[in-house]
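Here is upload.txt, consisting of compact mmCIF, C-alpha atoms:
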```
# COMPACT_ATOMS: atom_id res chain seq x y z
CA MET T 1 -106.60 -240.63 49.20
CA PRO T 2 -105.99 -238.54 52.36
CA ASP T 3 -108.75 -236.22 53.47
CA GLY T 4 -106.32 -233.44 54.49
CA THR T 5 -106.91 -233.74 58.23
CA THR T 6 -104.58 -236.63 59.09
CA GLY T 7 -101.28 -235.66 57.48
CA GLY T 8 -99.05 -232.66 56.96
CA LEU T 9 -99.70 -229.35 58.69
CA PRO T 10 -103.48 -229.92 58.99
CA GLY T 11 -102.80 -233.26 60.70
CA VAL T 12 -100.39 -231.64 63.17
CA MET T 13 -102.90 -228.89 63.93
CA ASN T 14 -105.61 -231.52 64.43
CA GLU T 15 -103.40 -233.38 66.94
CA LEU T 16 -102.59 -230.17 68.81
CA THR T 17 -106.17 -228.99 69.10
CA THR T 18 -107.83 -232.34 69.85
CA PRO T 19 -107.94 -233.25 73.55
CA GLY T 20 -105.96 -236.33 74.44
CA GLN T 21 -107.56 -239.61 75.39
CA ASN T 22 -105.58 -240.25 78.58
CA ALA T 23 -107.26 -242.68 80.93
CA PRO T 24 -106.88 -241.94 84.64
CA ALA T 25 -104.81 -244.35 86.69
CA PRO T 26 -106.77 -247.09 88.46
CA GLY T 27 -108.08 -245.85 91.80
CA SER T 28 -107.56 -242.17 91.00
CA PRO T 29 -110.30 -239.65 91.82
CA PRO T 30 -112.62 -238.42 89.09
CA VAL T 31 -111.22 -235.70 86.88
CA PRO T 32 -111.74 -232.81 87.18
CA LEU T 33 -111.70 -232.83 90.95
CA PRO T 34 -114.84 -231.33 92.44
CA VAL T 35 -114.53 -227.91 94.00
CA VAL T 36 -115.92 -227.99 97.52
CA GLY T 37 -114.76 -224.71 99.01
CA GLN T 38 -111.71 -223.38 100.77
CA THR T 39 -108.91 -225.85 101.45
CA THR T 40 -107.97 -226.26 105.07
CA THR T 41 -105.34 -228.30 106.82
CA SER T 42 -105.54 -229.87 110.21
CA GLY T 43 -102.90 -230.40 112.82
CA PRO T 44 -99.86 -228.37 113.70
CA PRO T 45 -97.58 -227.01 111.00
CA PRO T 46 -94.51 -229.10 110.17
CA ASP T 47 -91.31 -228.61 112.15
CA PHE T 48 -89.12 -227.32 109.33
CA THR T 49 -86.04 -227.18 111.56
CA ALA T 50 -86.31 -230.90 112.31
CA LEU T 51 -87.08 -231.64 108.66
CA GLY T 52 -83.96 -229.76 107.49
CA ALA T 53 -81.69 -231.52 109.97
CA GLY T 54 -83.23 -234.87 109.12
CA GLN T 55 -82.77 -234.33 105.39
CA ALA T 56 -79.13 -233.31 105.81
CA LYS T 57 -78.51 -236.47 107.88
CA ALA T 58 -80.33 -238.60 105.30
CA ASP T 59 -78.33 -237.06 102.44
CA PHE T 60 -75.10 -237.66 104.36
CA ALA T 61 -76.07 -241.24 105.23
CA ALA T 62 -76.91 -241.97 101.59
CA ALA T 63 -73.58 -240.54 100.40
CA ALA T 64 -71.54 -242.19 103.17
CA GLY T 65 -73.21 -245.53 102.51
CA ASN T 66 -71.82 -245.54 98.98
CA GLY T 67 -68.82 -247.85 98.77
CA GLY T 68 -66.22 -245.50 97.29
CA TRP T 69 -67.23 -242.37 99.18
CA LYS T 70 -64.53 -240.22 100.81
CA PHE T 71 -65.11 -237.11 102.90
CA ASP T 72 -63.90 -233.88 101.26
CA ALA T 73 -63.94 -230.94 103.70
CA ALA T 74 -63.22 -228.38 100.95
CA ALA T 75 -66.15 -229.58 98.83
CA MET T 76 -68.44 -229.55 101.86
CA ASP T 77 -67.27 -226.02 102.74
CA LYS T 78 -68.15 -224.92 99.20
CA VAL T 79 -71.68 -226.35 99.47
CA ILE T 80 -72.17 -224.77 102.89
CA GLN T 81 -70.95 -221.41 101.58
CA GLN T 82 -73.33 -221.56 98.60
CA LEU T 83 -76.27 -222.31 100.87
CA GLU T 84 -75.32 -219.52 103.29
CA ASP T 85 -74.91 -217.09 100.39
CA SER T 86 -78.40 -218.03 99.21
CA LEU T 87 -79.79 -217.43 102.70
CA ASP T 88 -78.00 -214.07 102.93
CA SER T 89 -79.01 -212.81 99.49
CA ASP T 90 -81.94 -214.55 97.82
CA TYR T 91 -83.90 -215.47 100.93
CA SER T 92 -83.08 -212.18 102.64
CA GLN T 93 -84.43 -210.30 99.63
CA ALA T 94 -87.54 -212.50 99.59
CA ARG T 95 -88.14 -211.77 103.30
CA THR T 96 -87.81 -208.04 102.63
CA ILE T 97 -90.33 -208.24 99.80
CA GLY T 98 -92.73 -210.28 101.94
CA TYR T 99 -92.45 -207.71 104.72
CA GLN T 100 -93.08 -204.88 102.25
CA PHE T 101 -96.18 -206.62 100.90
CA ALA T 102 -97.50 -206.97 104.45
CA GLN T 103 -97.14 -203.19 104.94
CA LEU T 104 -99.16 -202.18 101.87
CA GLY T 105 -102.26 -200.14 102.45
CA TYR T 106 -105.58 -200.11 100.64
CA PRO T 107 -105.41 -198.75 97.08
CA GLY T 108 -108.82 -197.17 97.55
CA SER T 109 -111.84 -197.07 99.83
CA ASP T 110 -114.24 -198.91 97.54
CA GLY T 111 -115.42 -202.46 98.16
CA ALA T 112 -113.34 -203.98 95.36
CA SER T 113 -110.15 -202.46 96.82
CA LYS T 114 -110.99 -203.82 100.27
CA ASP T 115 -111.76 -207.27 98.85
CA TYR T 116 -108.50 -207.16 96.90
CA MET T 117 -106.51 -206.24 100.01
CA THR T 118 -108.19 -208.96 102.05
CA ALA T 119 -107.18 -211.55 99.45
CA ALA T 120 -103.71 -210.02 99.09
CA GLY T 121 -103.29 -210.07 102.87
CA ARG T 122 -104.11 -213.78 103.02
CA ALA T 123 -101.71 -214.48 100.16
CA THR T 124 -98.96 -212.43 101.81
CA THR T 125 -99.45 -214.25 105.11
CA ALA T 126 -99.26 -217.63 103.36
CA TYR T 127 -96.16 -216.52 101.44
CA ASN T 128 -94.40 -215.29 104.57
CA GLU T 129 -95.25 -218.50 106.46
CA PHE T 130 -93.94 -220.58 103.57
CA LEU T 131 -90.79 -218.48 103.39
CA ARG T 132 -90.24 -218.72 107.15
CA GLY T 133 -90.51 -222.52 106.96
CA THR T 134 -88.16 -222.66 103.99
CA VAL T 135 -85.54 -220.51 105.74
CA ASP T 136 -85.84 -222.56 108.95
CA TYR T 137 -85.39 -225.75 106.92
CA LEU T 138 -82.37 -224.45 105.03
CA GLN T 139 -80.71 -222.98 108.13
CA SER T 140 -81.13 -226.29 109.94
CA TYR T 141 -79.76 -228.16 106.92
CA VAL T 142 -76.68 -225.91 106.87
CA GLU T 143 -76.11 -226.24 110.64
CA THR T 144 -76.29 -230.02 110.38
CA LEU T 145 -73.79 -230.01 107.50
CA LYS T 146 -71.47 -227.90 109.67
CA GLN T 147 -71.81 -230.42 112.51
CA ILE T 148 -71.00 -233.27 110.12
CA ARG T 149 -67.99 -231.41 108.75
CA THR T 150 -66.75 -230.64 112.27
CA ALA T 151 -67.15 -234.29 113.31
CA TYR T 152 -65.06 -235.41 110.36
CA VAL T 153 -62.39 -232.76 110.82
CA LYS T 154 -62.06 -233.68 114.51
CA GLN T 155 -62.23 -237.40 113.65
CA ASP T 156 -65.12 -237.84 116.11
CA GLN T 157 -66.19 -241.36 115.17
CA ALA T 158 -69.14 -241.44 117.59
CA ALA T 159 -70.61 -238.28 116.04
CA ILE T 160 -69.98 -239.56 112.51
CA ASP T 161 -71.78 -242.81 113.34
CA ALA T 162 -74.69 -240.85 114.83
CA PHE T 163 -75.07 -238.82 111.62
CA ARG T 164 -74.93 -241.97 109.49
CA GLY T 165 -77.71 -243.50 111.52
CA PRO T 166 -78.15 -246.89 113.11
CA GLY T 167 -76.79 -249.89 111.27
CA LYS T 168 -74.63 -247.92 108.82
CA VAL T 169 -71.24 -249.36 107.98
CA VAL T 170 -68.22 -247.29 107.01
```

Just give me the structure of the file as structure tokens.
Amino acid sequence: MPDGTTGGLPGVMNELTTPGQNAPAPGSPPVPLPVVGQTTTSGPPPDFTALGAGQAKADFAAAAGNGGWKFDAAAMDKVIQQLEDSLDSDYSQARTIGYQFAQLGYPGSDGASKDYMTAAGRATTAYNEFLRGTVDYLQSYVETLKQIRTAYVKQDQAAIDAFRGPGKVV
């Protein structure tokens, strides 16, 4: 006879409230990860402009390498326009908000307010740096798509081959 904890609603509740028995993957670090202080990175920040251009070229090469692929200037124009609209509206608004956050003053003169503003200032700086990198990436991606579109429209085979990368076949 069931004990009332393995079936029906009590059984479901028992499953939901009991921690799972998931084993970590072989070679994974111990869980939970130990907290050792503030996280820092070393080296220069990534070149988001180069990353955006590289990703656009890789996306193009992957699409062009597909056997039945055919260039469609109108479809590419639509994608470019959507990305530019996003840069002009969503990302522009995000930059404005990030700038406004950076201009905020202290809510008070007490220690807690100063500590809060110090933390908020670090968060705002990190947000604005992330946003700047994202915008640089996306702008570079769009510019590379425009170069690809122009190469196809002008039938510039050398440029098309360069965007496809070495060893790519039409």

Query raised in the report: Which residues, written as a PyMOL selection string, have at least one atom at most 12 Å from stretch 102-106 of chain T, with all atoms listed in the file counted and residues fewer than 4 positions away on the same chain left out?
Result: chain T and resi 95-98+110-129

Residue selection dump (C-alpha atoms) as a PDB file, in the coordinates of the input:
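The new file result.pdb reads:
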```pdb
ATOM      1  CA  ARG T  95     -88.140-211.770 103.300  1.00  0.00           C
ATOM      2  CA  THR T  96     -87.810-208.040 102.630  1.00  0.00           C
ATOM      3  CA  ILE T  97     -90.330-208.240  99.800  1.00  0.00           C
ATOM      4  CA  GLY T  98     -92.730-210.280 101.940  1.00  0.00           C
ATOM      5  CA  ASP T 110    -114.240-198.910  97.540  1.00  0.00           C
ATOM      6  CA  GLY T 111    -115.420-202.460  98.160  1.00  0.00           C
ATOM      7  CA  ALA T 112    -113.340-203.980  95.360  1.00  0.00           C
ATOM      8  CA  SER T 113    -110.150-202.460  96.820  1.00  0.00           C
ATOM      9  CA  LYS T 114    -110.990-203.820 100.270  1.00  0.00           C
ATOM     10  CA  ASP T 115    -111.760-207.270  98.850  1.00  0.00           C
ATOM     11  CA  TYR T 116    -108.500-207.160  96.900  1.00  0.00           C
ATOM     12  CA  MET T 117    -106.510-206.240 100.010  1.00  0.00           C
ATOM     13  CA  THR T 118    -108.190-208.960 102.050  1.00  0.00           C
ATOM     14  CA  ALA T 119    -107.180-211.550  99.450  1.00  0.00           C
ATOM     15  CA  ALA T 120    -103.710-210.020  99.090  1.00  0.00           C
ATOM     16  CA  GLY T 121    -103.290-210.070 102.870  1.00  0.00           C
ATOM     17  CA  ARG T 122    -104.110-213.780 103.020  1.00  0.00           C
ATOM     18  CA  ALA T 123    -101.710-214.480 100.160  1.00  0.00           C
ATOM     19  CA  THR T 124     -98.960-212.430 101.810  1.00  0.00           C
ATOM     20  CA  THR T 125     -99.450-214.250 105.110  1.00  0.00           C
ATOM     21  CA  ALA T 126     -99.260-217.630 103.360  1.00  0.00           C
ATOM     22  CA  TYR T 127     -96.160-216.520 101.440  1.00  0.00           C
ATOM     23  CA  ASN T 128     -94.400-215.290 104.570  1.00  0.00           C
ATOM     24  CA  GLU T 129     -95.250-218.500 106.460  1.00  0.00           C
TER      25      GLU T 129
END
```

Query raised in the report: atom CA of T:Gln139 and atom CA of T:Ala56, how far apart in Å?
Result: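 Atom CA of T:Gln139 lies at a distance of 10.7 Å from atom CA of T:Ala56.
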
Report task. Select, from T:Tyr152, T:Tyr91, T:Phe48, T:Gln157, the residue with the minimum atom-to-atom distance to T:Lys70, counting all atoms listed in the file. Result ->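 Selected residue with least distance to T:Lys70: T:Tyr152.
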
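Relative to atom CA of T:Asp136, atom CA of T:Asp59 is found at 17.6 Å.
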
Query - Shell around T:Pro46 at 12 Å using all atoms listed in the file, local window under 4 positions removed, as a count of residues only - result: 12

Query - Straight-line distance linking atom CA of T:Leu145 with atom CA of T:Val79, stated in Å to one decimal - result: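 Taking atom CA of T:Leu145 and atom CA of T:Val79, their separation equals 9.1 Å.
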
Query - All residues 7 Å or closer to T:Thr144, all atoms listed in the file, same chain fewer than 4 positions away omitted, as a PyMOL selection string - result: chain T and resi 53+56+140+148

How big is the axis-aligned box, and where does its centre sit, when it encloses all atoms of stretch 78-82 of chain T listed in the file and has 8 Å added on every side, reported in Å to one decimal as AutoDock Vina command-line options?
```
--center_x -70.7 --center_y -223.9 --center_z 100.7 --size_x 21.2 --size_y 20.9 --size_z 20.3
```
